[in-house]
Amino acid sequence: MAATQETIDTLEEATGKYKYGFVTDIESDKAPKGLNEDIIRFISAKKDEPQWMLDWRLKAFATWQKMESPDWAKLDIEPIDYQDIYYYAAPKSGEGPASLDEVDPELLKTYAKLGISLDEQKVLAGVVAVDVVFDSVSVATTFRGELAKVGVIFCPISEAIRDYPDLVKKYIGSVVPVADNYFSALNSAVFTDGSFVYIPKGVRCPMELSTYFRINEANTGQFERTLIIAEDEAYVSYLEGCTAPQRDENQLHAAVVELVAMDDAEIKYSTVQNWYPGDENGLGGIYNFVTKRGACRGDRSKISWTQVETGSAITWKYPSCILQGKDSVGEFYSVALTNNFQQADTGTKMIHIGEGSRSTIISKGISAGRSQNCYRGLVRIQPGAENARNFTQCDSLLVGDKCGAHTVPYIVSRNPSAKIEHEATTSRISEDQLFYCQQRGISTEDSVSLIVNGFCKEVMKELPMEFAVEAQKLIGISLEGSVG
Amino acid sequence: MAPLLEIRDLHASVGDTPILKGINLTINAGEIHAIMGPNGSGKSTMSYALAGRDGYEVTGGDILMNGVSMLEMEPDERARAGMFLAFQYPVELPGVGGMSFLRAAVNARRIEAGEDEIDQLEFVKLVRAKAKHLSINDDMLKRAVNVGFSGGEKKRYEILQMALLEPVLSVLDETDSGLDVDALKIVSDGVNLLRDPARSMLVITHYQRLLNHIVPDYVHILAGGKIRRTGGKELALEVEESGYVGIDDAA
Ligand SMILES: Nc1ncnc2c1ncn2[C@@H]1O[C@H](COP(=O)(O)OP(=O)(O)OP(=O)(O)O)[C@@H](O)[C@H]1O
Ligand SMILES: [Mg+2]
């Protein structure tokens, strides 16, 4: 697969630390810094949005203004000056090019560097369709024609708002309400782009769908919004990747992702998050404050989250499942790796409402350097969730002795028939294992990477094959300098 | 020509405790040396000191391979220079697939030699062929390194790695312990296949029995951190009959 092979090559070529730290020199169209109603009107106008969308945004803004930044996570966050951020930045060349020929060559080069081929000819037919979001706009979506043939809609959300208003209106904010939390309210007011996916009844999406997010501009926030709907018996596997340039100041990324699965539908959502983590002294890096939630509305529906989180200065993220349907299934597979001064507070919520609903949580946290890594999870069994099941396994691995690993599991069971199992371990990377690998001629860094990847195996195997290879290398790279 | 391995007056400590107290040993290319000695006499410690393990501090003397001191080299550098240690207690690596582990080890050498990484298919064939000699089946190759292997399987897996890496100097630390009669034969045959005028081996064992299969050129008795006696194969027989009584006094 061309796109992934290029990604691997890019990773292999690279020898430094963060591989995606370059800035693309491209003319950009920005709204003035700061946040107020006029900025929201500006964004909405830029996107050519209908009135209802603008009204929705303005209402969200009013809600956000009444809220306070949460402080319950185990995170040490410098206060964010929301007036010092650009909320809209777009490459000048265009608001949604009609075809790939219209995409700025500089942009194509950027994505080639990141290992993403936007050239449909170069990719084997029917493998991965890509939507690319650069700062605040989606710049290219590939394979749309191919997908349209089977009725799958895959397009930038700004386009969906114009072209499929009924679908968007029906589902946006229905899984993550505007007022859910501080960052979801902020996102609802200022979101700029993201992907929209609709899989009609009975359709198995013929290829993996993928979105690549890139923050390029300085002082710019990225607020993307993704909405995926799988109708009865539909299936889709969706991948998300993220990178950003290396900068000394922190940048905010506050996304909202909503998934809806109807009867017998399945959505598999995989993320490889590699935003710039800051330097080895903790300077710079992305604040990754994300709300991801899926609703298993239909009976026997299934939503599976797989995430490999290696980037960002701070990650605050709990991809969750609301298991409404009878016998619905929620899964959360997570690898969160922190090094240097990174902080991660991540986990999931499994809300069991439907009878016979089942959930599985496998979390692997790796802390190195002086980083802090916290698993925070909630398993809630509602009174009607007869015979609900949950299995949770949280393993933490410490690399070195200046880092921290924490596990905060909340369990609330309101139905005595529920079965909930929780296992947790904390271990250190063992000298025995390290020496064994080294004695076979494998360098210290490669040995650490092998052992850590072994530790994450259960999660990695959930990733689509090509993505797994990329994720494995990423783990190696992210651990550089952590031992020896 | 410098000997393949030369250990000169080697002193080594674990923590603050001196364990090796002046070991002298010279191994020429093609030779097999056996080391015997009571429990706790420092045999494994010596193998770790040779391999450069953290925590096994060399406090005096030198270790030379082909005339070059290895003391400043990291364990992985020594390994790539041709030193292999078959562990007395092989370590489990949960989740680390055997094939990727073996390939990483082989490629590490190739990359250092400026060669291309080994072709995936070619590698699978190579491993299968070597594994067959050692009665290691495909299922074992697919599993995580040493995880859930029986004691004897672990030992055979060590020899498989040795066969793949073709080391110049192999240190086998009690590879025969825990092997049944058939496995002992399989492992010894595997080791004998690697006998070569350019390669040397240091075989640590408690049992004369192994030395019937892998016939050594010299046998040394290590006790109290020093080599107390050196002889031919018959020394192993003597030890088997009368134990180590009196050997300590010889110093
Ligand atoms: N990591 C360690 N910490 C403390 N003492 C150690 C350590 N490793 C070895 N020793 C001590 O060093 C001495 C030599 O141990 P070593 O394992 O080298 O013996 P050995 O000759 O290999 O014994 P065996 O025949 O039982 O394998 C022993 O007294 C042992 O307790
Ligand atoms: Mg020993």
# chains A, B, ... in the order shown; residues from 1 in each chain; ligands from 1

call {"tool": "interface_residues", "arguments": {"of": "chain A", "to": "chain B", "cutoff": "6 Å", "atoms": "only C-alpha atoms", "output": "list in words"}}
result
Gln438, Gln439, Arg440, Gly441, Ile442, Ser443, Gly454, Phe455 and Lys457 of chain A

call {"tool": "residues_near_ligand", "arguments": {"ligand": "ligand 2", "cutoff": "8 Å", "atoms": "only C-alpha atoms and all ligand atoms", "output": "list in words"}}
result
Asn39, Gly40, Gly42, Lys43, Ser44, Thr45, Gln88, Asp173 and Glu174 of chain B

call {"tool": "write_last_selection", "arguments": {"atoms": "C-alpha atoms", "output": "PDB file, in the first residue's frame"}}
result
ATOM      1  CA  ASN B  39      27.245 -23.732  42.945  1.00  0.00           C
ATOM      2  CA  GLY B  40      27.947 -20.113  43.641  1.00  0.00           C
ATOM      3  CA  GLY B  42      31.135 -17.527  39.978  1.00  0.00           C
ATOM      4  CA  LYS B  43      30.572 -19.323  36.672  1.00  0.00           C
ATOM      5  CA  SER B  44      27.522 -17.327  35.618  1.00  0.00           C
ATOM      6  CA  THR B  45      29.118 -14.188  36.967  1.00  0.00           C
ATOM      7  CA  GLN B  88      21.326 -20.445  32.241  1.00  0.00           C
ATOM      8  CA  ASP B 173      25.835 -21.566  30.694  1.00  0.00           C
ATOM      9  CA  GLU B 174      24.427 -24.894  31.871  1.00  0.00           C
TER      10      GLU B 174
END

call {"tool": "residues_around", "arguments": {"residues": "Asp9 in chain B", "least_positions_apart": "4", "cutoff": "6 Å", "atoms": "only C-alpha atoms", "output": "PyMOL selection string"}}
result
chain B and resi 22-24+61

call {"tool": "residues_near_ligand", "arguments": {"ligand": "ligand 1", "cutoff": "12 Å", "atoms": "only C-alpha atoms and all ligand atoms", "output": "number ranges by chain"}}
result
A: 431-432; B: 12-21, 35-50, 53-57, 87-89, 172-177, 203-207, 221-227

call {"tool": "residues_around", "arguments": {"residues": "range 130-140 of chain B", "least_positions_apart": "6", "cutoff": "9 Å", "atoms": "only C-alpha atoms", "output": "PDB file with all heavy atoms, in the first residue's frame"}}
result
ATOM      1  N   GLY B  98       8.615 -14.280  18.335  1.00  0.00           N
ATOM      2  CA  GLY B  98       9.913 -14.915  18.138  1.00  0.00           C
ATOM      3  C   GLY B  98      10.559 -14.507  16.830  1.00  0.00           C
ATOM      4  O   GLY B  98      11.741 -14.141  16.803  1.00  0.00           O
ATOM      5  N   ASN B 146      10.313 -17.206  24.472  1.00  0.00           N
ATOM      6  CA  ASN B 146      10.427 -17.962  25.732  1.00  0.00           C
ATOM      7  C   ASN B 146       9.172 -18.020  26.592  1.00  0.00           C
ATOM      8  O   ASN B 146       9.170 -18.667  27.639  1.00  0.00           O
ATOM      9  CB  ASN B 146      11.574 -17.413  26.614  1.00  0.00           C
ATOM     10  CG  ASN B 146      12.934 -17.719  26.016  1.00  0.00           C
ATOM     11  OD1 ASN B 146      13.139 -18.791  25.450  1.00  0.00           O
ATOM     12  ND2 ASN B 146      13.858 -16.773  26.107  1.00  0.00           N
ATOM     13  N   PHE B 149       7.439 -21.444  27.373  1.00  0.00           N
ATOM     14  CA  PHE B 149       8.283 -22.560  26.928  1.00  0.00           C
ATOM     15  C   PHE B 149       8.646 -23.411  28.142  1.00  0.00           C
ATOM     16  O   PHE B 149       8.849 -22.882  29.230  1.00  0.00           O
ATOM     17  CB  PHE B 149       9.602 -22.066  26.308  1.00  0.00           C
ATOM     18  CG  PHE B 149       9.469 -21.394  24.967  1.00  0.00           C
ATOM     19  CD1 PHE B 149       8.244 -21.007  24.456  1.00  0.00           C
ATOM     20  CD2 PHE B 149      10.606 -21.158  24.194  1.00  0.00           C
ATOM     21  CE1 PHE B 149       8.133 -20.391  23.216  1.00  0.00           C
ATOM     22  CE2 PHE B 149      10.509 -20.544  22.957  1.00  0.00           C
ATOM     23  CZ  PHE B 149       9.275 -20.154  22.471  1.00  0.00           C
ATOM     24  N   GLU B 153      12.662 -26.551  26.269  1.00  0.00           N
ATOM     25  CA  GLU B 153      12.404 -25.765  25.048  1.00  0.00           C
ATOM     26  C   GLU B 153      13.204 -24.469  25.054  1.00  0.00           C
ATOM     27  O   GLU B 153      13.753 -24.051  24.033  1.00  0.00           O
ATOM     28  CB  GLU B 153      10.899 -25.474  24.933  1.00  0.00           C
ATOM     29  CG  GLU B 153      10.087 -26.693  24.507  1.00  0.00           C
ATOM     30  CD  GLU B 153       8.579 -26.478  24.598  1.00  0.00           C
ATOM     31  OE1 GLU B 153       8.142 -25.531  25.283  1.00  0.00           O
ATOM     32  OE2 GLU B 153       7.852 -27.289  23.990  1.00  0.00           O
ATOM     33  N   ARG B 156      16.733 -25.214  24.012  1.00  0.00           N
ATOM     34  CA  ARG B 156      16.858 -25.451  22.569  1.00  0.00           C
ATOM     35  C   ARG B 156      16.741 -24.144  21.793  1.00  0.00           C
ATOM     36  O   ARG B 156      17.413 -23.944  20.790  1.00  0.00           O
ATOM     37  CB  ARG B 156      15.790 -26.449  22.106  1.00  0.00           C
ATOM     38  CG  ARG B 156      16.204 -27.884  22.347  1.00  0.00           C
ATOM     39  CD  ARG B 156      15.211 -28.835  21.764  1.00  0.00           C
ATOM     40  NE  ARG B 156      14.109 -29.044  22.681  1.00  0.00           N
ATOM     41  CZ  ARG B 156      12.872 -29.354  22.313  1.00  0.00           C
ATOM     42  NH1 ARG B 156      12.576 -29.471  21.029  1.00  0.00           N
ATOM     43  NH2 ARG B 156      11.942 -29.545  23.204  1.00  0.00           N
ATOM     44  N   TYR B 157      15.888 -23.261  22.308  1.00  0.00           N
ATOM     45  CA  TYR B 157      15.696 -21.963  21.661  1.00  0.00           C
ATOM     46  C   TYR B 157      16.978 -21.121  21.728  1.00  0.00           C
ATOM     47  O   TYR B 157      17.286 -20.366  20.811  1.00  0.00           O
ATOM     48  CB  TYR B 157      14.539 -21.235  22.342  1.00  0.00           C
ATOM     49  CG  TYR B 157      13.881 -20.185  21.495  1.00  0.00           C
ATOM     50  CD1 TYR B 157      13.186 -20.522  20.336  1.00  0.00           C
ATOM     51  CD2 TYR B 157      13.952 -18.835  21.841  1.00  0.00           C
ATOM     52  CE1 TYR B 157      12.564 -19.561  19.563  1.00  0.00           C
ATOM     53  CE2 TYR B 157      13.329 -17.863  21.076  1.00  0.00           C
ATOM     54  CZ  TYR B 157      12.636 -18.230  19.933  1.00  0.00           C
ATOM     55  OH  TYR B 157      12.022 -17.271  19.170  1.00  0.00           O
ATOM     56  N   ILE B 159      19.960 -22.373  21.621  1.00  0.00           N
ATOM     57  CA  ILE B 159      20.876 -22.921  20.613  1.00  0.00           C
ATOM     58  C   ILE B 159      20.430 -22.535  19.200  1.00  0.00           C
ATOM     59  O   ILE B 159      21.246 -22.289  18.321  1.00  0.00           O
ATOM     60  CB  ILE B 159      20.996 -24.459  20.758  1.00  0.00           C
ATOM     61  CG1 ILE B 159      21.477 -24.812  22.173  1.00  0.00           C
ATOM     62  CG2 ILE B 159      21.971 -25.031  19.721  1.00  0.00           C
ATOM     63  CD1 ILE B 159      22.763 -24.118  22.607  1.00  0.00           C
ATOM     64  N   LEU B 160      19.127 -22.418  19.012  1.00  0.00           N
ATOM     65  CA  LEU B 160      18.630 -21.937  17.718  1.00  0.00           C
ATOM     66  C   LEU B 160      19.185 -20.535  17.436  1.00  0.00           C
ATOM     67  O   LEU B 160      19.655 -20.240  16.338  1.00  0.00           O
ATOM     68  CB  LEU B 160      17.099 -21.899  17.714  1.00  0.00           C
ATOM     69  CG  LEU B 160      16.467 -21.216  16.489  1.00  0.00           C
ATOM     70  CD1 LEU B 160      16.747 -22.016  15.225  1.00  0.00           C
ATOM     71  CD2 LEU B 160      14.967 -21.024  16.669  1.00  0.00           C
ATOM     72  N   ALA B 163      22.740 -20.749  16.526  1.00  0.00           N
ATOM     73  CA  ALA B 163      22.929 -21.243  15.162  1.00  0.00           C
ATOM     74  C   ALA B 163      22.667 -20.147  14.130  1.00  0.00           C
ATOM     75  O   ALA B 163      23.346 -20.061  13.109  1.00  0.00           O
ATOM     76  CB  ALA B 163      22.008 -22.431  14.908  1.00  0.00           C
ATOM     77  N   LEU B 164      21.702 -19.291  14.427  1.00  0.00           N
ATOM     78  CA  LEU B 164      21.369 -18.213  13.487  1.00  0.00           C
ATOM     79  C   LEU B 164      22.426 -17.120  13.470  1.00  0.00           C
ATOM     80  O   LEU B 164      22.716 -16.534  12.441  1.00  0.00           O
ATOM     81  CB  LEU B 164      20.035 -17.574  13.882  1.00  0.00           C
ATOM     82  CG  LEU B 164      18.769 -18.220  13.358  1.00  0.00           C
ATOM     83  CD1 LEU B 164      17.566 -17.575  14.019  1.00  0.00           C
ATOM     84  CD2 LEU B 164      18.682 -18.062  11.844  1.00  0.00           C
ATOM     85  N   ALA B 183      16.745 -34.700  24.374  1.00  0.00           N
ATOM     86  CA  ALA B 183      17.009 -33.276  24.148  1.00  0.00           C
ATOM     87  C   ALA B 183      18.504 -32.991  24.264  1.00  0.00           C
ATOM     88  O   ALA B 183      19.056 -32.188  23.509  1.00  0.00           O
ATOM     89  CB  ALA B 183      16.215 -32.427  25.128  1.00  0.00           C
ATOM     90  N   ILE B 186      20.004 -33.833  21.052  1.00  0.00           N
ATOM     91  CA  ILE B 186      19.634 -32.844  20.021  1.00  0.00           C
ATOM     92  C   ILE B 186      20.450 -31.567  20.173  1.00  0.00           C
ATOM     93  O   ILE B 186      21.012 -31.037  19.215  1.00  0.00           O
ATOM     94  CB  ILE B 186      18.122 -32.519  20.109  1.00  0.00           C
ATOM     95  CG1 ILE B 186      17.294 -33.749  19.693  1.00  0.00           C
ATOM     96  CG2 ILE B 186      17.754 -31.328  19.248  1.00  0.00           C
ATOM     97  CD1 ILE B 186      15.822 -33.650  20.043  1.00  0.00           C
ATOM     98  N   VAL B 187      20.514 -31.085  21.418  1.00  0.00           N
ATOM     99  CA  VAL B 187      21.241 -29.840  21.675  1.00  0.00           C
ATOM    100  C   VAL B 187      22.731 -30.016  21.371  1.00  0.00           C
ATOM    101  O   VAL B 187      23.349 -29.180  20.724  1.00  0.00           O
ATOM    102  CB  VAL B 187      21.011 -29.376  23.127  1.00  0.00           C
ATOM    103  CG1 VAL B 187      22.042 -28.346  23.544  1.00  0.00           C
ATOM    104  CG2 VAL B 187      19.601 -28.811  23.278  1.00  0.00           C
ATOM    105  N   ASP B 189      24.161 -32.129  19.379  1.00  0.00           N
ATOM    106  CA  ASP B 189      24.356 -32.213  17.927  1.00  0.00           C
ATOM    107  C   ASP B 189      24.331 -30.818  17.309  1.00  0.00           C
ATOM    108  O   ASP B 189      25.133 -30.493  16.442  1.00  0.00           O
ATOM    109  CB  ASP B 189      23.274 -33.087  17.279  1.00  0.00           C
ATOM    110  CG  ASP B 189      23.468 -34.567  17.617  1.00  0.00           C
ATOM    111  OD1 ASP B 189      24.542 -34.907  18.184  1.00  0.00           O
ATOM    112  OD2 ASP B 189      22.552 -35.369  17.333  1.00  0.00           O
ATOM    113  N   GLY B 190      23.367 -30.005  17.784  1.00  0.00           N
ATOM    114  CA  GLY B 190      23.260 -28.626  17.305  1.00  0.00           C
ATOM    115  C   GLY B 190      24.546 -27.860  17.559  1.00  0.00           C
ATOM    116  O   GLY B 190      25.042 -27.126  16.701  1.00  0.00           O
TER     117      GLY B 190
END

call {"tool": "atom_distance", "arguments": {"atom1": "CA of Ala89 in chain A", "atom2": "CA of Lys170 in chain A"}}
result
28.0 Å

call {"tool": "residues_around", "arguments": {"residues": "range 63-70 of chain B", "least_positions_apart": "4", "cutoff": "7 Å", "atoms": "only C-alpha atoms", "output": "PyMOL selection string"}}
result
chain B and resi 2-8+78

call {"tool": "atom_distance", "arguments": {"atom1": "CA of Tyr82 in chain A", "atom2": "CA of Leu35 in chain A"}}
result
6.7 Å

call {"tool": "residues_around", "arguments": {"residues": "Ser363 in chain A", "least_positions_apart": "3", "cutoff": "8 Å", "atoms": "only C-alpha atoms", "output": "list in words"}}
result
Phe332, Tyr333, Ser334, Val335, Ala336, Gly347, Tyr375, Gln393, Cys394, Asp395 and Val459 of chain A
